[in-house]
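Next up, run_28.cif (mmCIF, C-alpha atoms):
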data_my_file
#
loop_
_atom_site.label_atom_id
_atom_site.label_comp_id
_atom_site.auth_asym_id
_atom_site.auth_seq_id
_atom_site.Cartn_x
_atom_site.Cartn_y
_atom_site.Cartn_z
CA MET Q 1 -0.91 -79.20 -19.58
CA GLU Q 2 -0.15 -76.15 -17.46
CA SER Q 3 2.78 -76.08 -15.06
CA SER Q 4 2.23 -75.47 -11.37
CA ILE Q 5 3.70 -71.95 -11.81
CA ASP Q 6 1.12 -71.14 -14.49
CA GLU Q 7 -1.68 -72.42 -12.25
CA LEU Q 8 -0.45 -70.34 -9.30
CA MET Q 9 -0.24 -67.18 -11.40
CA LYS Q 10 -3.80 -67.49 -12.64
CA LYS Q 11 -5.11 -67.98 -9.11
CA ASN Q 12 -3.28 -64.97 -7.72
CA ASN Q 13 -4.20 -61.38 -8.30
CA LEU Q 14 -0.66 -60.08 -8.56
CA ARG Q 15 0.59 -56.50 -8.85
CA VAL Q 16 3.94 -55.80 -10.42
CA GLY Q 17 5.75 -52.48 -10.54
CA VAL Q 18 7.72 -52.01 -13.75
CA ILE Q 19 10.44 -49.35 -13.79
CA VAL Q 20 11.59 -48.44 -17.31
CA SER Q 21 14.41 -46.11 -18.26
CA LYS Q 22 13.67 -43.73 -21.13
CA PHE Q 23 17.35 -43.54 -22.10
CA ASN Q 24 17.98 -45.73 -25.18
CA GLN Q 25 14.20 -45.79 -25.52
CA PRO Q 26 13.91 -47.89 -28.70
CA VAL Q 27 15.62 -50.72 -26.81
CA THR Q 28 13.81 -50.23 -23.49
CA ASP Q 29 10.44 -49.98 -25.25
CA ASN Q 30 11.08 -53.38 -26.86
CA LEU Q 31 12.20 -54.85 -23.53
CA TYR Q 32 8.99 -53.57 -21.93
CA LEU Q 33 6.89 -55.09 -24.73
CA GLY Q 34 8.73 -58.38 -24.19
CA ALA Q 35 8.01 -58.25 -20.47
CA VAL Q 36 4.31 -57.53 -21.01
CA LYS Q 37 4.07 -60.53 -23.36
CA ALA Q 38 5.84 -62.80 -20.84
CA PHE Q 39 3.52 -61.69 -18.05
CA GLU Q 40 0.48 -62.28 -20.26
CA ASP Q 41 1.87 -65.69 -21.30
CA SER Q 42 2.14 -66.45 -17.55
CA GLY Q 43 -1.46 -65.47 -16.87
CA ILE Q 44 -0.80 -61.96 -15.54
CA SER Q 45 -2.90 -59.29 -17.18
CA SER Q 46 -1.23 -56.08 -18.31
CA LYS Q 47 -3.76 -54.41 -15.97
CA SER Q 48 -1.75 -55.89 -13.08
CA LEU Q 49 1.32 -53.90 -14.14
CA GLU Q 50 2.05 -50.35 -13.08
CA LEU Q 51 4.61 -48.53 -15.22
CA PHE Q 52 7.08 -46.03 -13.80
CA ASN Q 53 9.23 -44.24 -16.40
CA VAL Q 54 12.54 -42.77 -15.28
CA PRO Q 55 15.03 -40.65 -17.26
CA GLY Q 56 17.90 -43.18 -17.20
CA ALA Q 57 19.22 -46.32 -15.55
CA PHE Q 58 20.81 -44.31 -12.73
CA GLU Q 59 17.33 -43.29 -11.51
CA ILE Q 60 15.94 -46.84 -11.33
CA PRO Q 61 17.15 -47.64 -7.78
CA LEU Q 62 15.56 -44.54 -6.22
CA VAL Q 63 12.14 -45.37 -7.66
CA MET Q 64 12.61 -49.01 -6.67
CA LYS Q 65 13.39 -47.95 -3.11
CA LYS Q 66 10.20 -45.85 -2.96
CA LEU Q 67 8.18 -48.85 -4.19
CA CYS Q 68 9.87 -51.12 -1.65
CA ILE Q 69 9.06 -48.69 1.17
CA GLN Q 70 5.43 -48.50 -0.01
CA ASN Q 71 5.36 -52.27 -0.09
CA PHE Q 72 6.80 -52.58 3.40
CA ASN Q 73 4.00 -50.37 4.73
CA ASN Q 74 1.07 -51.51 2.55
CA LYS Q 75 1.98 -54.79 0.79
CA CYS Q 76 1.02 -53.32 -2.58
CA TRP Q 77 3.64 -55.02 -4.83
CA ASP Q 78 4.29 -58.69 -5.42
CA GLY Q 79 7.42 -57.92 -7.42
CA ILE Q 80 9.33 -55.27 -9.30
CA LEU Q 81 10.79 -55.44 -12.79
CA THR Q 82 13.64 -53.07 -13.66
CA ILE Q 83 14.32 -52.26 -17.32
CA GLY Q 84 17.14 -50.15 -18.66
CA CYS Q 85 19.90 -50.07 -21.24
CA VAL Q 86 23.42 -48.70 -20.81
CA ILE Q 87 25.70 -48.76 -23.87
CA LYS Q 88 29.44 -48.20 -23.50
CA GLY Q 89 30.80 -44.93 -24.77
CA GLU Q 90 34.28 -43.44 -24.79
CA THR Q 91 34.51 -42.68 -21.06
CA ALA Q 92 34.38 -44.58 -17.77
CA HIS Q 93 30.80 -43.38 -17.20
CA PHE Q 94 29.51 -46.79 -18.37
CA GLU Q 95 31.36 -48.69 -15.63
CA TYR Q 96 30.19 -46.38 -12.84
CA ILE Q 97 26.55 -46.47 -13.92
CA CYS Q 98 26.40 -50.23 -14.53
CA GLU Q 99 28.08 -51.24 -11.30
CA ASN Q 100 26.15 -48.86 -9.05
CA VAL Q 101 22.75 -49.52 -10.60
CA SER Q 102 23.24 -53.30 -10.46
CA GLN Q 103 24.45 -53.29 -6.88
CA SER Q 104 21.72 -50.91 -5.71
CA ILE Q 105 18.96 -53.02 -7.26
CA MET Q 106 20.40 -56.19 -5.73
CA LYS Q 107 20.72 -54.58 -2.29
CA LEU Q 108 17.15 -53.27 -2.35
CA SER Q 109 15.78 -56.63 -3.45
CA TYR Q 110 17.64 -58.34 -0.62
CA GLU Q 111 16.95 -55.72 2.06
CA TYR Q 112 13.21 -55.52 1.38
CA GLU Q 113 12.82 -59.20 0.35
CA MET Q 114 11.32 -57.95 -2.90
CA PRO Q 115 11.25 -60.35 -5.85
CA THR Q 116 12.99 -58.44 -8.62
CA GLY Q 117 13.38 -59.02 -12.32
CA PHE Q 118 16.67 -57.48 -13.46
CA CYS Q 119 16.68 -56.33 -17.06
CA VAL Q 120 19.22 -53.53 -17.21
CA LEU Q 121 21.25 -54.30 -20.31
CA THR Q 122 24.93 -53.42 -20.11
CA CYS Q 123 26.14 -53.63 -23.68
CA PHE Q 124 29.33 -52.65 -25.44
CA THR Q 125 27.57 -51.74 -28.70
CA PRO Q 126 24.12 -50.62 -29.87
CA GLN Q 127 23.96 -53.80 -31.96
CA GLN Q 128 24.28 -55.96 -28.82
CA ALA Q 129 21.41 -54.03 -27.22
CA TYR Q 130 19.14 -54.46 -30.24
CA GLU Q 131 19.94 -58.19 -30.45
CA ARG Q 132 18.72 -58.57 -26.84
CA SER Q 133 15.47 -56.70 -27.44
CA LEU Q 134 14.01 -58.23 -30.58
CA ILE Q 135 10.34 -58.16 -31.54
CA PRO Q 136 8.33 -60.39 -31.57
CA PRO Q 137 9.70 -61.27 -28.16
CA ASP Q 138 10.41 -64.66 -26.67
CA ALA Q 139 12.73 -66.08 -24.00
CA HIS Q 140 15.60 -66.40 -26.48
CA ASN Q 141 15.61 -63.00 -28.18
CA ASN Q 142 14.27 -60.50 -25.65
CA LYS Q 143 15.76 -60.02 -22.19
CA GLY Q 144 12.60 -58.22 -21.01
CA TYR Q 145 10.62 -61.38 -21.68
CA GLU Q 146 13.25 -63.48 -19.89
CA ALA Q 147 13.42 -61.17 -16.85
CA ALA Q 148 9.64 -61.15 -16.48
CA LEU Q 149 9.56 -64.96 -16.48
CA THR Q 150 12.30 -64.98 -13.83
CA LEU Q 151 10.30 -62.54 -11.73
CA VAL Q 152 7.18 -64.70 -11.97
CA GLU Q 153 9.18 -67.71 -10.83
CA MET Q 154 10.68 -65.79 -7.89
CA ILE Q 155 7.31 -64.38 -6.79
CA ASN Q 156 5.92 -67.89 -6.61
CA LEU Q 157 8.98 -69.34 -4.90
CA LEU Q 158 8.92 -66.69 -2.18
CA LYS Q 159 5.19 -67.19 -1.65
CA LYS Q 160 5.92 -70.86 -0.90
CA ILE Q 161 8.65 -70.16 1.65
#
Encoded form (structure tokens):
Amino acid sequence: MESSIDELMKKNNLRVGVIVSKFNQPVTDNLYLGAVKAFEDSGISSKSLELFNVPGAFEIPLVMKKLCIQNFNNKCWDGILTIGCVIKGETAHFEYICENVSQSIMKLSYEYEMPTGFCVLTCFTPQQAYERSLIPPDAHNNKGYEAALTLVEMINLLKKI
């Protein structure tokens, strides 16, 4: 028996913008594959997704803002999924990137009332990143899959309000 969320998704012709960082690409590629599987498992065709690749996590908020502005004018996106991976190195760079990217994404989501799936991993080691981006993906081993499911739930909740 399908849940009410699954039924809503199949009735709607949704469009989702997916912003993916190319930095730490083996991890972000797996997160993206996990997200695509979660969307498909929720009844959203991969044809409903538009991919925007950016160099690193720092560039995600700027592209998200452009998509939010487009959406404000044209209502072209039902939600945005952000995917990135920042792994701690030997300098404070990690802290600055993680905090600013996270806060910027949250502020844009709030300001533009844009349902957003947040999947920017902030890991201390490469091993932690790989453990959160396993293939085949599911809700327990791939944060891209998990974030996509969260986004689907938020899109439907905001459509009800």
request  = I need the residue set behind the PyMOL selection byres ((chain Q and resi 91-97) around 12) for this file; please write it as a list in words.
outcome  =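 With the PyMOL selection byres ((chain Q and resi 91-97) around 12) on this model, the match is Gly56, Ala57, Phe58, Glu59, Ile60, Pro61, Gly84, Cys85, Val86, Ile87, Lys88, Gly89, Glu90, Cys98, Glu99, Asn100, Val101, Ser102, Gln103, Ser104, Val120, Leu121, Thr122, Cys123, Phe124 and Thr125 of chain Q.
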Can you build me a table of segment 77-137 of chain Q residues sitting at most 7 Å from segment 28-48 of chain Q, with the closest atom pair per residue and its distance in Å to one decimal, using all atoms listed in the file, sorted by chain and residue number, as JSON lines?
{"residue": "Q:Ile83", "atom": "CA", "partner": "Q:Thr28", "partner_atom": "CA", "distance": 6.5}
{"residue": "Q:Gly84", "atom": "CA", "partner": "Q:Thr28", "partner_atom": "CA", "distance": 5.9}
{"residue": "Q:Cys85", "atom": "CA", "partner": "Q:Thr28", "partner_atom": "CA", "distance": 6.5}
{"residue": "Q:Ser133", "atom": "CA", "partner": "Q:Leu31", "partner_atom": "CA", "distance": 5.4}
{"residue": "Q:Leu134", "atom": "CA", "partner": "Q:Asn30", "partner_atom": "CA", "distance": 6.8}
{"residue": "Q:Ile135", "atom": "CA", "partner": "Q:Asn30", "partner_atom": "CA", "distance": 6.7}
{"residue": "Q:Pro137", "atom": "CA", "partner": "Q:Gly34", "partner_atom": "CA", "distance": 5.0}
Expected file: the selected residues, C-alpha atoms, as a compact mmCIF listing (two decimals), in the coordinates of the input:
# COMPACT_ATOMS: atom_id res chain seq x y z
CA ILE Q 83 14.32 -52.26 -17.32
CA GLY Q 84 17.14 -50.15 -18.66
CA CYS Q 85 19.90 -50.07 -21.24
CA SER Q 133 15.47 -56.70 -27.44
CA LEU Q 134 14.01 -58.23 -30.58
CA ILE Q 135 10.34 -58.16 -31.54
CA PRO Q 137 9.70 -61.27 -28.16
key: Distance of atom CA of Asn73 of chain Q from atom CA of Phe118 of chain Q, expressed in Å to one decimal place   =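 Between atom CA of Phe118 of chain Q and atom CA of Asn73 of chain Q the gap works out to 23.3 Å.
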ask   = Selected by the PyMOL selection byres ((chain Q and resi 150-155) around 9) in the shown coordinates: which residues, as an MDAnalysis selection string?
value = chainID Q and resid 5 9 39 42 78:81 114:118 145:149 156:160
ask   = Any chance you could work out the residue set of the PyMOL selection byres ((chain Q and resi 112) around 10) here, as an MDAnalysis selection string?
value = chainID Q and resid 65 68:69 71:72 107:111 113:115
task = Work out how far apart atom CA of Pro55 of chain Q and atom CA of Cys119 of chain Q are and give it in Å to one decimal.
result = 15.8 Å
Student task, segment 20-32 of chain Q output with all heavy atoms as a PDB file, in the first residue's frame:
ATOM      1  N   VAL Q  20      25.296  20.117  -7.432  1.00  0.00           N
ATOM      2  CA  VAL Q  20      26.297  19.146  -6.992  1.00  0.00           C
ATOM      3  C   VAL Q  20      27.697  19.728  -7.136  1.00  0.00           C
ATOM      4  O   VAL Q  20      28.086  20.153  -8.225  1.00  0.00           O
ATOM      5  CB  VAL Q  20      26.192  17.828  -7.794  1.00  0.00           C
ATOM      6  CG1 VAL Q  20      27.236  16.822  -7.319  1.00  0.00           C
ATOM      7  CG2 VAL Q  20      24.796  17.229  -7.687  1.00  0.00           C
ATOM      8  N   SER Q  21      28.433  19.690  -6.042  1.00  0.00           N
ATOM      9  CA  SER Q  21      29.827  20.122  -6.039  1.00  0.00           C
ATOM     10  C   SER Q  21      30.699  19.052  -6.698  1.00  0.00           C
ATOM     11  O   SER Q  21      30.535  17.854  -6.452  1.00  0.00           O
ATOM     12  CB  SER Q  21      30.283  20.333  -4.595  1.00  0.00           C
ATOM     13  OG  SER Q  21      31.685  20.426  -4.525  1.00  0.00           O
ATOM     14  N   LYS Q  22      31.644  19.503  -7.522  1.00  0.00           N
ATOM     15  CA  LYS Q  22      32.583  18.571  -8.157  1.00  0.00           C
ATOM     16  C   LYS Q  22      33.777  18.254  -7.255  1.00  0.00           C
ATOM     17  O   LYS Q  22      34.492  17.306  -7.515  1.00  0.00           O
ATOM     18  CB  LYS Q  22      33.076  19.146  -9.494  1.00  0.00           C
ATOM     19  CG  LYS Q  22      31.975  19.249 -10.541  1.00  0.00           C
ATOM     20  CD  LYS Q  22      32.524  19.684 -11.882  1.00  0.00           C
ATOM     21  CE  LYS Q  22      32.837  21.153 -11.883  1.00  0.00           C
ATOM     22  NZ  LYS Q  22      33.225  21.667 -13.217  1.00  0.00           N
ATOM     23  N   PHE Q  23      33.975  19.043  -6.203  1.00  0.00           N
ATOM     24  CA  PHE Q  23      35.079  18.773  -5.283  1.00  0.00           C
ATOM     25  C   PHE Q  23      34.755  17.514  -4.486  1.00  0.00           C
ATOM     26  O   PHE Q  23      33.626  17.336  -4.046  1.00  0.00           O
ATOM     27  CB  PHE Q  23      35.288  19.979  -4.354  1.00  0.00           C
ATOM     28  CG  PHE Q  23      36.650  20.014  -3.730  1.00  0.00           C
ATOM     29  CD1 PHE Q  23      37.740  20.475  -4.451  1.00  0.00           C
ATOM     30  CD2 PHE Q  23      36.839  19.583  -2.434  1.00  0.00           C
ATOM     31  CE1 PHE Q  23      39.005  20.512  -3.881  1.00  0.00           C
ATOM     32  CE2 PHE Q  23      38.090  19.612  -1.854  1.00  0.00           C
ATOM     33  CZ  PHE Q  23      39.178  20.073  -2.572  1.00  0.00           C
ATOM     34  N   ASN Q  24      35.702  16.638  -4.303  1.00  0.00           N
ATOM     35  CA  ASN Q  24      35.496  15.310  -3.697  1.00  0.00           C
ATOM     36  C   ASN Q  24      34.479  14.525  -4.521  1.00  0.00           C
ATOM     37  O   ASN Q  24      33.549  13.912  -4.001  1.00  0.00           O
ATOM     38  CB  ASN Q  24      35.068  15.418  -2.231  1.00  0.00           C
ATOM     39  CG  ASN Q  24      36.167  15.958  -1.356  1.00  0.00           C
ATOM     40  OD1 ASN Q  24      37.320  15.530  -1.460  1.00  0.00           O
ATOM     41  ND2 ASN Q  24      35.846  16.909  -0.503  1.00  0.00           N
ATOM     42  N   GLN Q  25      34.682  14.559  -5.830  1.00  0.00           N
ATOM     43  CA  GLN Q  25      33.715  14.020  -6.794  1.00  0.00           C
ATOM     44  C   GLN Q  25      33.342  12.554  -6.608  1.00  0.00           C
ATOM     45  O   GLN Q  25      32.169  12.221  -6.809  1.00  0.00           O
ATOM     46  CB  GLN Q  25      34.192  14.273  -8.222  1.00  0.00           C
ATOM     47  CG  GLN Q  25      33.101  14.018  -9.234  1.00  0.00           C
ATOM     48  CD  GLN Q  25      33.387  14.667 -10.568  1.00  0.00           C
ATOM     49  OE1 GLN Q  25      34.452  15.221 -10.800  1.00  0.00           O
ATOM     50  NE2 GLN Q  25      32.421  14.603 -11.452  1.00  0.00           N
ATOM     51  N   PRO Q  26      34.245  11.663  -6.228  1.00  0.00           N
ATOM     52  CA  PRO Q  26      33.776  10.282  -6.018  1.00  0.00           C
ATOM     53  C   PRO Q  26      32.654  10.206  -4.976  1.00  0.00           C
ATOM     54  O   PRO Q  26      31.697   9.457  -5.140  1.00  0.00           O
ATOM     55  CB  PRO Q  26      35.031   9.547  -5.534  1.00  0.00           C
ATOM     56  CG  PRO Q  26      36.167  10.326  -6.116  1.00  0.00           C
ATOM     57  CD  PRO Q  26      35.711  11.764  -6.092  1.00  0.00           C
ATOM     58  N   VAL Q  27      32.745  11.023  -3.947  1.00  0.00           N
ATOM     59  CA  VAL Q  27      31.713  11.045  -2.907  1.00  0.00           C
ATOM     60  C   VAL Q  27      30.455  11.726  -3.431  1.00  0.00           C
ATOM     61  O   VAL Q  27      29.347  11.197  -3.292  1.00  0.00           O
ATOM     62  CB  VAL Q  27      32.235  11.747  -1.630  1.00  0.00           C
ATOM     63  CG1 VAL Q  27      31.109  11.945  -0.623  1.00  0.00           C
ATOM     64  CG2 VAL Q  27      33.375  10.949  -1.024  1.00  0.00           C
ATOM     65  N   THR Q  28      30.601  12.903  -4.045  1.00  0.00           N
ATOM     66  CA  THR Q  28      29.408  13.635  -4.492  1.00  0.00           C
ATOM     67  C   THR Q  28      28.695  12.903  -5.627  1.00  0.00           C
ATOM     68  O   THR Q  28      27.470  12.980  -5.723  1.00  0.00           O
ATOM     69  CB  THR Q  28      29.737  15.089  -4.887  1.00  0.00           C
ATOM     70  OG1 THR Q  28      30.703  15.111  -5.940  1.00  0.00           O
ATOM     71  CG2 THR Q  28      30.249  15.866  -3.683  1.00  0.00           C
ATOM     72  N   ASP Q  29      29.439  12.202  -6.470  1.00  0.00           N
ATOM     73  CA  ASP Q  29      28.786  11.385  -7.504  1.00  0.00           C
ATOM     74  C   ASP Q  29      27.902  10.316  -6.868  1.00  0.00           C
ATOM     75  O   ASP Q  29      26.767  10.092  -7.305  1.00  0.00           O
ATOM     76  CB  ASP Q  29      29.816  10.710  -8.414  1.00  0.00           C
ATOM     77  CG  ASP Q  29      30.413  11.632  -9.450  1.00  0.00           C
ATOM     78  OD1 ASP Q  29      29.943  12.785  -9.601  1.00  0.00           O
ATOM     79  OD2 ASP Q  29      31.382  11.200 -10.122  1.00  0.00           O
ATOM     80  N   ASN Q  30      28.406   9.656  -5.823  1.00  0.00           N
ATOM     81  CA  ASN Q  30      27.608   8.624  -5.148  1.00  0.00           C
ATOM     82  C   ASN Q  30      26.400   9.232  -4.429  1.00  0.00           C
ATOM     83  O   ASN Q  30      25.323   8.630  -4.405  1.00  0.00           O
ATOM     84  CB  ASN Q  30      28.465   7.844  -4.164  1.00  0.00           C
ATOM     85  CG  ASN Q  30      29.370   6.835  -4.843  1.00  0.00           C
ATOM     86  OD1 ASN Q  30      29.317   6.648  -6.058  1.00  0.00           O
ATOM     87  ND2 ASN Q  30      30.214   6.193  -4.060  1.00  0.00           N
ATOM     88  N   LEU Q  31      26.576  10.407  -3.854  1.00  0.00           N
ATOM     89  CA  LEU Q  31      25.442  11.080  -3.204  1.00  0.00           C
ATOM     90  C   LEU Q  31      24.369  11.423  -4.233  1.00  0.00           C
ATOM     91  O   LEU Q  31      23.175  11.268  -3.976  1.00  0.00           O
ATOM     92  CB  LEU Q  31      25.916  12.341  -2.478  1.00  0.00           C
ATOM     93  CG  LEU Q  31      26.863  12.123  -1.296  1.00  0.00           C
ATOM     94  CD1 LEU Q  31      27.435  13.448  -0.817  1.00  0.00           C
ATOM     95  CD2 LEU Q  31      26.163  11.391  -0.161  1.00  0.00           C
ATOM     96  N   TYR Q  32      24.809  11.889  -5.408  1.00  0.00           N
ATOM     97  CA  TYR Q  32      23.858  12.206  -6.482  1.00  0.00           C
ATOM     98  C   TYR Q  32      23.125  10.937  -6.936  1.00  0.00           C
ATOM     99  O   TYR Q  32      21.898  10.967  -7.095  1.00  0.00           O
ATOM    100  CB  TYR Q  32      24.586  12.861  -7.656  1.00  0.00           C
ATOM    101  CG  TYR Q  32      23.681  13.138  -8.825  1.00  0.00           C
ATOM    102  CD1 TYR Q  32      22.715  14.137  -8.762  1.00  0.00           C
ATOM    103  CD2 TYR Q  32      23.766  12.381  -9.995  1.00  0.00           C
ATOM    104  CE1 TYR Q  32      21.866  14.389  -9.827  1.00  0.00           C
ATOM    105  CE2 TYR Q  32      22.919  12.626 -11.064  1.00  0.00           C
ATOM    106  CZ  TYR Q  32      21.980  13.627 -10.979  1.00  0.00           C
ATOM    107  OH  TYR Q  32      21.130  13.867 -12.033  1.00  0.00           O
TER     108      TYR Q  32
END
